[in-house]
file upload.cif (mmCIF, N, CA and C atoms)
data_protein
#
loop_
_atom_site.label_atom_id
_atom_site.label_comp_id
_atom_site.auth_asym_id
_atom_site.auth_seq_id
_atom_site.Cartn_x
_atom_site.Cartn_y
_atom_site.Cartn_z
N MET A 1 -62.69 -49.40 -22.01
CA MET A 1 -62.62 -47.97 -22.13
C MET A 1 -63.21 -47.27 -20.90
N ASP A 2 -64.35 -47.81 -20.39
CA ASP A 2 -64.98 -47.23 -19.20
C ASP A 2 -64.05 -47.33 -18.00
N ARG A 3 -63.36 -48.46 -17.88
CA ARG A 3 -62.43 -48.64 -16.75
C ARG A 3 -61.29 -47.64 -16.82
N LEU A 4 -60.82 -47.38 -18.00
CA LEU A 4 -59.73 -46.41 -18.19
C LEU A 4 -60.19 -45.02 -17.75
N LEU A 5 -61.41 -44.65 -18.08
CA LEU A 5 -61.94 -43.34 -17.68
C LEU A 5 -62.09 -43.25 -16.16
N ILE A 6 -62.51 -44.34 -15.55
CA ILE A 6 -62.65 -44.36 -14.08
C ILE A 6 -61.29 -44.20 -13.43
N VAL A 7 -60.28 -44.92 -13.92
CA VAL A 7 -58.93 -44.82 -13.36
C VAL A 7 -58.40 -43.40 -13.52
N ILE A 8 -58.60 -42.81 -14.69
CA ILE A 8 -58.15 -41.44 -14.93
C ILE A 8 -58.85 -40.46 -13.99
N ALA A 9 -60.16 -40.63 -13.82
CA ALA A 9 -60.92 -39.76 -12.92
C ALA A 9 -60.42 -39.88 -11.48
N LEU A 10 -60.14 -41.10 -11.03
CA LEU A 10 -59.62 -41.31 -9.68
C LEU A 10 -58.25 -40.65 -9.51
N LEU A 11 -57.39 -40.79 -10.51
CA LEU A 11 -56.07 -40.17 -10.44
C LEU A 11 -56.18 -38.64 -10.39
N VAL A 12 -57.10 -38.08 -11.15
CA VAL A 12 -57.31 -36.63 -11.13
C VAL A 12 -57.80 -36.19 -9.75
N LEU A 13 -58.73 -36.95 -9.15
CA LEU A 13 -59.23 -36.61 -7.81
C LEU A 13 -58.13 -36.68 -6.76
N VAL A 14 -57.33 -37.73 -6.80
CA VAL A 14 -56.23 -37.86 -5.84
C VAL A 14 -55.24 -36.73 -6.03
N GLY A 15 -54.90 -36.43 -7.26
CA GLY A 15 -53.98 -35.32 -7.55
C GLY A 15 -54.52 -33.99 -7.05
N ALA A 16 -55.81 -33.76 -7.23
CA ALA A 16 -56.42 -32.52 -6.76
C ALA A 16 -56.39 -32.44 -5.24
N ALA A 17 -56.65 -33.56 -4.58
CA ALA A 17 -56.62 -33.59 -3.11
C ALA A 17 -55.22 -33.30 -2.59
N VAL A 18 -54.21 -33.88 -3.21
CA VAL A 18 -52.83 -33.64 -2.80
C VAL A 18 -52.46 -32.18 -3.02
N ALA A 19 -52.83 -31.63 -4.16
CA ALA A 19 -52.53 -30.23 -4.46
C ALA A 19 -53.22 -29.30 -3.48
N TYR A 20 -54.47 -29.58 -3.15
CA TYR A 20 -55.21 -28.76 -2.19
C TYR A 20 -54.53 -28.78 -0.84
N ARG A 21 -54.12 -29.95 -0.40
CA ARG A 21 -53.47 -30.06 0.91
C ARG A 21 -52.16 -29.29 0.94
N ARG A 22 -51.39 -29.36 -0.14
CA ARG A 22 -50.12 -28.62 -0.20
C ARG A 22 -50.35 -27.12 -0.21
N LEU A 23 -51.35 -26.67 -0.94
CA LEU A 23 -51.65 -25.24 -1.00
C LEU A 23 -52.14 -24.73 0.35
N ARG A 24 -52.94 -25.53 1.00
CA ARG A 24 -53.49 -25.14 2.29
C ARG A 24 -52.41 -25.07 3.35
N GLY A 25 -51.36 -25.88 3.20
CA GLY A 25 -50.26 -25.88 4.16
C GLY A 25 -50.59 -26.68 5.40
N THR A 26 -49.59 -26.80 6.24
CA THR A 26 -49.80 -27.51 7.50
C THR A 26 -50.23 -26.51 8.56
N PRO A 27 -51.10 -26.92 9.44
CA PRO A 27 -51.56 -26.00 10.48
C PRO A 27 -50.41 -25.62 11.41
N GLN A 28 -50.42 -24.38 11.86
CA GLN A 28 -49.41 -23.93 12.79
C GLN A 28 -49.66 -24.56 14.16
N ARG A 29 -48.61 -25.05 14.74
CA ARG A 29 -48.71 -25.57 16.09
C ARG A 29 -48.52 -24.40 17.03
N SER A 30 -49.35 -24.32 18.03
CA SER A 30 -49.18 -23.21 18.97
C SER A 30 -48.74 -23.76 20.32
N LEU A 31 -47.85 -23.04 20.92
CA LEU A 31 -47.35 -23.40 22.24
C LEU A 31 -48.02 -22.50 23.26
N PRO A 32 -48.21 -22.98 24.47
CA PRO A 32 -48.87 -22.15 25.48
C PRO A 32 -48.04 -20.91 25.81
N ALA A 33 -48.72 -19.81 26.10
CA ALA A 33 -48.04 -18.57 26.47
C ALA A 33 -47.84 -18.48 27.98
N ARG A 34 -48.64 -19.23 28.71
CA ARG A 34 -48.58 -19.20 30.18
C ARG A 34 -48.96 -20.58 30.70
N VAL A 35 -48.31 -20.99 31.77
CA VAL A 35 -48.60 -22.28 32.40
C VAL A 35 -48.69 -22.07 33.91
N ASP A 36 -49.19 -23.07 34.60
CA ASP A 36 -49.24 -23.05 36.06
C ASP A 36 -48.04 -23.84 36.57
N PRO A 37 -47.00 -23.17 37.07
CA PRO A 37 -45.80 -23.86 37.52
C PRO A 37 -46.07 -24.92 38.59
N VAL A 38 -47.01 -24.65 39.48
CA VAL A 38 -47.33 -25.62 40.53
C VAL A 38 -47.95 -26.87 39.93
N GLN A 39 -48.88 -26.69 39.00
CA GLN A 39 -49.52 -27.82 38.34
C GLN A 39 -48.49 -28.68 37.59
N LEU A 40 -47.47 -28.04 37.04
CA LEU A 40 -46.44 -28.76 36.30
C LEU A 40 -45.36 -29.35 37.21
N GLY A 41 -45.47 -29.09 38.50
CA GLY A 41 -44.49 -29.64 39.44
C GLY A 41 -43.17 -28.88 39.45
N LEU A 42 -43.21 -27.61 39.09
CA LEU A 42 -42.00 -26.79 39.09
C LEU A 42 -41.90 -26.08 40.44
N ASP A 43 -41.08 -26.63 41.33
CA ASP A 43 -40.92 -26.03 42.65
C ASP A 43 -39.62 -25.24 42.70
N ALA A 44 -39.26 -24.76 43.88
CA ALA A 44 -38.07 -23.92 44.06
C ALA A 44 -36.79 -24.60 43.62
N SER A 45 -36.78 -25.94 43.63
CA SER A 45 -35.56 -26.65 43.23
C SER A 45 -35.26 -26.44 41.74
N HIS A 46 -36.23 -25.99 40.98
CA HIS A 46 -36.04 -25.74 39.56
C HIS A 46 -35.54 -24.32 39.27
N GLY A 47 -35.43 -23.50 40.31
CA GLY A 47 -34.93 -22.13 40.13
C GLY A 47 -36.03 -21.19 39.71
N ASP A 48 -35.65 -19.91 39.52
CA ASP A 48 -36.63 -18.89 39.13
C ASP A 48 -37.13 -19.10 37.71
N THR A 49 -36.26 -19.61 36.86
CA THR A 49 -36.62 -19.93 35.48
C THR A 49 -36.46 -21.43 35.33
N ALA A 50 -37.51 -22.10 34.92
CA ALA A 50 -37.50 -23.56 34.87
C ALA A 50 -37.77 -24.05 33.46
N VAL A 51 -37.33 -25.27 33.21
CA VAL A 51 -37.55 -25.90 31.91
C VAL A 51 -38.44 -27.12 32.11
N VAL A 52 -39.46 -27.21 31.28
CA VAL A 52 -40.34 -28.38 31.29
C VAL A 52 -40.34 -28.97 29.88
N ALA A 53 -40.22 -30.29 29.81
CA ALA A 53 -40.16 -30.97 28.52
C ALA A 53 -41.28 -32.01 28.44
N PHE A 54 -42.25 -31.77 27.56
CA PHE A 54 -43.29 -32.76 27.29
C PHE A 54 -42.69 -33.77 26.31
N SER A 55 -42.79 -35.04 26.69
CA SER A 55 -42.07 -36.07 25.95
C SER A 55 -42.94 -37.30 25.76
N GLY A 56 -42.67 -38.02 24.69
CA GLY A 56 -43.33 -39.30 24.44
C GLY A 56 -42.30 -40.41 24.45
N PRO A 57 -42.70 -41.63 24.77
CA PRO A 57 -41.75 -42.72 24.93
C PRO A 57 -41.02 -43.11 23.64
N LEU A 58 -41.60 -42.89 22.49
CA LEU A 58 -40.96 -43.26 21.23
C LEU A 58 -40.46 -42.06 20.46
N CYS A 59 -40.37 -40.92 21.10
CA CYS A 59 -40.00 -39.67 20.45
C CYS A 59 -38.48 -39.50 20.48
N HIS A 60 -37.86 -39.66 19.32
CA HIS A 60 -36.41 -39.53 19.24
C HIS A 60 -35.95 -38.11 19.57
N ALA A 61 -36.67 -37.11 19.07
CA ALA A 61 -36.30 -35.72 19.34
C ALA A 61 -36.41 -35.42 20.85
N CYS A 62 -37.36 -36.06 21.52
CA CYS A 62 -37.49 -35.88 22.98
C CYS A 62 -36.26 -36.41 23.70
N GLN A 63 -35.80 -37.57 23.27
CA GLN A 63 -34.58 -38.15 23.85
C GLN A 63 -33.38 -37.25 23.59
N GLN A 64 -33.32 -36.66 22.40
CA GLN A 64 -32.24 -35.73 22.08
C GLN A 64 -32.28 -34.52 23.01
N TRP A 65 -33.48 -33.97 23.21
CA TRP A 65 -33.61 -32.83 24.13
C TRP A 65 -33.11 -33.21 25.52
N GLY A 66 -33.53 -34.36 26.01
CA GLY A 66 -33.09 -34.79 27.34
C GLY A 66 -31.58 -34.89 27.42
N SER A 67 -30.97 -35.49 26.44
CA SER A 67 -29.51 -35.64 26.42
C SER A 67 -28.82 -34.29 26.34
N GLU A 68 -29.31 -33.42 25.47
CA GLU A 68 -28.69 -32.10 25.29
C GLU A 68 -28.82 -31.25 26.55
N LEU A 69 -29.99 -31.27 27.17
CA LEU A 69 -30.18 -30.49 28.39
C LEU A 69 -29.30 -31.02 29.52
N GLN A 70 -29.24 -32.33 29.65
CA GLN A 70 -28.38 -32.92 30.68
C GLN A 70 -26.92 -32.59 30.43
N ALA A 71 -26.47 -32.72 29.19
CA ALA A 71 -25.08 -32.43 28.85
C ALA A 71 -24.73 -30.97 29.13
N ALA A 72 -25.71 -30.07 28.97
CA ALA A 72 -25.49 -28.65 29.23
C ALA A 72 -25.65 -28.30 30.70
N GLY A 73 -26.01 -29.29 31.53
CA GLY A 73 -26.21 -29.04 32.96
C GLY A 73 -27.46 -28.26 33.27
N ILE A 74 -28.46 -28.37 32.41
CA ILE A 74 -29.72 -27.64 32.59
C ILE A 74 -30.74 -28.57 33.22
N PRO A 75 -31.18 -28.27 34.45
CA PRO A 75 -32.22 -29.11 35.07
C PRO A 75 -33.55 -28.89 34.36
N PHE A 76 -34.33 -29.96 34.27
CA PHE A 76 -35.63 -29.85 33.62
C PHE A 76 -36.59 -30.86 34.21
N ARG A 77 -37.87 -30.56 34.07
CA ARG A 77 -38.95 -31.45 34.52
C ARG A 77 -39.49 -32.13 33.27
N LYS A 78 -39.36 -33.45 33.21
CA LYS A 78 -39.87 -34.21 32.08
C LYS A 78 -41.30 -34.65 32.37
N ILE A 79 -42.18 -34.40 31.42
CA ILE A 79 -43.57 -34.82 31.55
C ILE A 79 -43.85 -35.81 30.42
N ASP A 80 -44.07 -37.06 30.78
CA ASP A 80 -44.41 -38.09 29.80
C ASP A 80 -45.88 -37.94 29.45
N VAL A 81 -46.16 -37.65 28.18
CA VAL A 81 -47.54 -37.36 27.77
C VAL A 81 -48.45 -38.57 27.88
N LEU A 82 -47.90 -39.77 27.93
CA LEU A 82 -48.75 -40.95 28.11
C LEU A 82 -49.17 -41.11 29.57
N HIS A 83 -48.24 -40.87 30.48
CA HIS A 83 -48.54 -41.04 31.90
C HIS A 83 -49.20 -39.82 32.53
N GLU A 84 -49.00 -38.66 31.91
CA GLU A 84 -49.59 -37.43 32.43
C GLU A 84 -50.36 -36.73 31.31
N ALA A 85 -51.26 -37.50 30.71
CA ALA A 85 -52.03 -37.00 29.56
C ALA A 85 -52.88 -35.79 29.92
N GLY A 86 -53.35 -35.70 31.14
CA GLY A 86 -54.16 -34.56 31.57
C GLY A 86 -53.38 -33.25 31.48
N LEU A 87 -52.11 -33.29 31.86
CA LEU A 87 -51.28 -32.08 31.76
C LEU A 87 -51.06 -31.70 30.30
N ALA A 88 -50.81 -32.69 29.48
CA ALA A 88 -50.61 -32.42 28.05
C ALA A 88 -51.87 -31.79 27.47
N ARG A 89 -53.02 -32.34 27.79
CA ARG A 89 -54.29 -31.80 27.30
C ARG A 89 -54.52 -30.38 27.80
N ALA A 90 -54.22 -30.15 29.08
CA ALA A 90 -54.46 -28.84 29.69
C ALA A 90 -53.70 -27.73 28.98
N TYR A 91 -52.55 -28.06 28.41
CA TYR A 91 -51.74 -27.04 27.75
C TYR A 91 -51.72 -27.20 26.23
N GLY A 92 -52.62 -28.00 25.70
CA GLY A 92 -52.76 -28.13 24.26
C GLY A 92 -51.59 -28.81 23.58
N VAL A 93 -50.87 -29.64 24.31
CA VAL A 93 -49.74 -30.35 23.73
C VAL A 93 -50.28 -31.55 22.96
N THR A 94 -50.19 -31.47 21.64
CA THR A 94 -50.73 -32.52 20.78
C THR A 94 -49.63 -33.29 20.06
N HIS A 95 -48.41 -32.91 20.26
CA HIS A 95 -47.27 -33.56 19.63
C HIS A 95 -46.06 -33.42 20.56
N THR A 96 -45.06 -34.19 20.33
CA THR A 96 -43.82 -34.07 21.09
C THR A 96 -42.66 -33.99 20.12
N PRO A 97 -41.58 -33.37 20.51
CA PRO A 97 -41.32 -32.75 21.80
C PRO A 97 -41.93 -31.35 21.90
N VAL A 98 -42.20 -30.95 23.11
CA VAL A 98 -42.51 -29.56 23.42
C VAL A 98 -41.67 -29.23 24.65
N VAL A 99 -40.77 -28.28 24.49
CA VAL A 99 -39.89 -27.85 25.58
C VAL A 99 -40.20 -26.38 25.85
N LEU A 100 -40.51 -26.08 27.10
CA LEU A 100 -40.87 -24.72 27.49
C LEU A 100 -39.92 -24.20 28.55
N VAL A 101 -39.52 -22.95 28.41
CA VAL A 101 -38.74 -22.26 29.44
C VAL A 101 -39.73 -21.33 30.13
N VAL A 102 -39.90 -21.53 31.44
CA VAL A 102 -40.99 -20.90 32.17
C VAL A 102 -40.46 -20.00 33.29
N ASN A 103 -41.03 -18.80 33.40
CA ASN A 103 -40.77 -17.95 34.55
C ASN A 103 -41.63 -18.51 35.68
N ARG A 104 -40.97 -19.05 36.69
CA ARG A 104 -41.71 -19.77 37.73
C ARG A 104 -42.60 -18.86 38.57
N SER A 105 -42.27 -17.57 38.67
CA SER A 105 -43.06 -16.69 39.53
C SER A 105 -44.44 -16.37 38.95
N ASP A 106 -44.53 -16.24 37.62
CA ASP A 106 -45.82 -15.89 37.04
C ASP A 106 -46.32 -16.87 35.96
N GLY A 107 -45.54 -17.90 35.66
CA GLY A 107 -45.96 -18.91 34.70
C GLY A 107 -45.82 -18.52 33.24
N ARG A 108 -45.22 -17.36 33.00
CA ARG A 108 -45.04 -16.90 31.62
C ARG A 108 -44.04 -17.81 30.91
N VAL A 109 -44.37 -18.20 29.68
CA VAL A 109 -43.46 -19.01 28.87
C VAL A 109 -42.52 -18.06 28.15
N LEU A 110 -41.24 -18.14 28.49
CA LEU A 110 -40.23 -17.25 27.92
C LEU A 110 -39.76 -17.72 26.55
N ALA A 111 -39.78 -19.04 26.35
CA ALA A 111 -39.39 -19.61 25.05
C ALA A 111 -40.01 -20.99 24.96
N GLY A 112 -40.26 -21.42 23.73
CA GLY A 112 -40.81 -22.75 23.51
C GLY A 112 -40.24 -23.35 22.24
N TYR A 113 -40.06 -24.65 22.27
CA TYR A 113 -39.48 -25.38 21.15
C TYR A 113 -40.32 -26.62 20.88
N ASP A 114 -40.58 -26.91 19.62
CA ASP A 114 -41.38 -28.09 19.30
C ASP A 114 -40.75 -28.90 18.17
N ASP A 115 -39.44 -28.93 18.16
CA ASP A 115 -38.71 -29.70 17.16
C ASP A 115 -37.44 -30.23 17.81
N ALA A 116 -36.67 -30.98 17.08
CA ALA A 116 -35.42 -31.52 17.60
C ALA A 116 -34.50 -30.37 18.01
N PRO A 117 -33.69 -30.58 19.03
CA PRO A 117 -32.81 -29.50 19.48
C PRO A 117 -31.67 -29.25 18.51
N ASP A 118 -31.23 -28.01 18.49
CA ASP A 118 -30.00 -27.68 17.78
C ASP A 118 -29.14 -26.86 18.75
N THR A 119 -27.94 -26.57 18.35
CA THR A 119 -27.01 -25.88 19.24
C THR A 119 -27.56 -24.53 19.69
N ALA A 120 -28.16 -23.79 18.76
CA ALA A 120 -28.68 -22.46 19.09
C ALA A 120 -29.83 -22.53 20.09
N SER A 121 -30.73 -23.49 19.94
CA SER A 121 -31.87 -23.56 20.86
C SER A 121 -31.42 -23.96 22.26
N VAL A 122 -30.49 -24.89 22.36
CA VAL A 122 -29.98 -25.30 23.68
C VAL A 122 -29.24 -24.14 24.33
N GLU A 123 -28.46 -23.41 23.55
CA GLU A 123 -27.74 -22.24 24.08
C GLU A 123 -28.72 -21.17 24.54
N HIS A 124 -29.80 -20.97 23.79
CA HIS A 124 -30.82 -20.00 24.19
C HIS A 124 -31.46 -20.40 25.51
N VAL A 125 -31.74 -21.67 25.68
CA VAL A 125 -32.30 -22.15 26.96
C VAL A 125 -31.29 -21.86 28.08
N ARG A 126 -30.03 -22.17 27.84
CA ARG A 126 -28.99 -21.94 28.86
C ARG A 126 -28.95 -20.45 29.25
N GLU A 127 -29.02 -19.56 28.26
CA GLU A 127 -29.00 -18.12 28.54
C GLU A 127 -30.20 -17.69 29.37
N LEU A 128 -31.38 -18.22 29.05
CA LEU A 128 -32.58 -17.85 29.79
C LEU A 128 -32.52 -18.36 31.23
N ILE A 129 -31.96 -19.52 31.42
CA ILE A 129 -31.85 -20.08 32.78
C ILE A 129 -30.86 -19.27 33.61
N ALA A 130 -29.80 -18.77 32.97
CA ALA A 130 -28.75 -18.05 33.68
C ALA A 130 -29.19 -16.66 34.12
N VAL A 131 -30.22 -16.11 33.47
CA VAL A 131 -30.64 -14.74 33.78
C VAL A 131 -31.29 -14.68 35.13
#
call {"tool": "encode", "arguments": {"input": "upload.cif", "output": "structure tokens"}}
result
Amino acid sequence: MDRLLIVIALLVLVGAAVAYRRLRGTPQRSLPARVDPVQLGLDASHGDTAVVAFSGPLCHACQQWGSELQAAGIPFRKIDVLHEAGLARAYGVTHTPVVLVVNRSDGRVLAGYDDAPDTASVEHVRELIAV
């Protein structure tokens, strides 16, 4: 009987923890509002508006972004977060993918994406690059 009470108590605690986590929600991921284009290696060859993609080696969504950007003819600077961890840390990149459209003259981030690409997001990047 004591064991049954212990099992029930543990199940109640686990259930309460799961409910608390769901109610609390997932923390919002924030993308940088401004970056240093020189630090990110965005030179004149990237144009006035440049795309930078923070990527991980096992990130499927990162590979999708790369393929979609290439297929759309959009040049981008890929930053591997394992090999350039300092850059990722400097801009608070804690997950991948993170794709930023950057105004190269002042470092302002015009748009940012932190999920797998879809047609609308790739088209939005294309529009921002064309401006």
call {"tool": "resolve_selection", "arguments": {"input": "upload.cif", "expression": "the PyMOL selection byres (((chain A and resi 51 and name CA) around 6) and name CA)", "output": "list in words"}}
result
Ala50, Val52, Phe76, Leu100 and Val101 of chain A
call {"tool": "select_by_dssp", "arguments": {"input": "upload.cif", "residues": "chain A", "states": "strand (DSSP E or B)", "output": "number ranges by chain"}}
result
A: 34, 49-55, 77-80, 98-103, 108-113
call {"tool": "closest_residue", "arguments": {"input": "upload.cif", "among": "A:Val102, A:Gly56, A:Val7, A:Arg77", "to": "Leu40 in chain A", "atoms": "all atoms listed in the file"}}
result
A:Arg77
call {"tool": "atom_distance", "arguments": {"input": "upload.cif", "atom1": "CA of Gly73 in chain A", "atom2": "atom C of Pro97 in chain A"}}
result
19.4 Å
call {"tool": "closest_residue", "arguments": {"input": "upload.cif", "among": "A:Asp80, A:Leu5, A:Ala33, A:Gln63", "to": "Leu110 in chain A", "atoms": "only N, CA and C atoms"}}
result
A:Ala33
call {"tool": "residues_around", "arguments": {"input": "upload.cif", "residues": "range 119-125 of chain A", "least_positions_apart": "4", "cutoff": "8 Å", "atoms": "all atoms listed in the file", "output": "PyMOL selection string"}}
result
chain A and resi 68-69+72+74+101+111+113+129-131
call {"tool": "select_by_dssp", "arguments": {"input": "upload.cif", "residues": "chain A", "states": "alpha helix (DSSP H)", "output": "VMD selection string"}}
result
chain A and resid 2 to 24 60 to 71 85 to 90 119 to 130
call {"tool": "closest_residue", "arguments": {"input": "upload.cif", "among": "A:Asp106, A:Asp118, A:Asp2, A:Glu127", "to": "Gln64 in chain A", "atoms": "all atoms listed in the file"}}
result
A:Asp118
call {"tool": "closest_residue", "arguments": {"input": "upload.cif", "among": "A:Pro75, A:His60, A:Thr49, A:Tyr91", "to": "Leu128 in chain A", "atoms": "only N, CA and C atoms"}}
result
A:Thr49
call {"tool": "atom_distance", "arguments": {"input": "upload.cif", "atom1": "atom N of Thr96 in chain A", "atom2": "CA of Trp65 in chain A"}}
result
12.1 Å
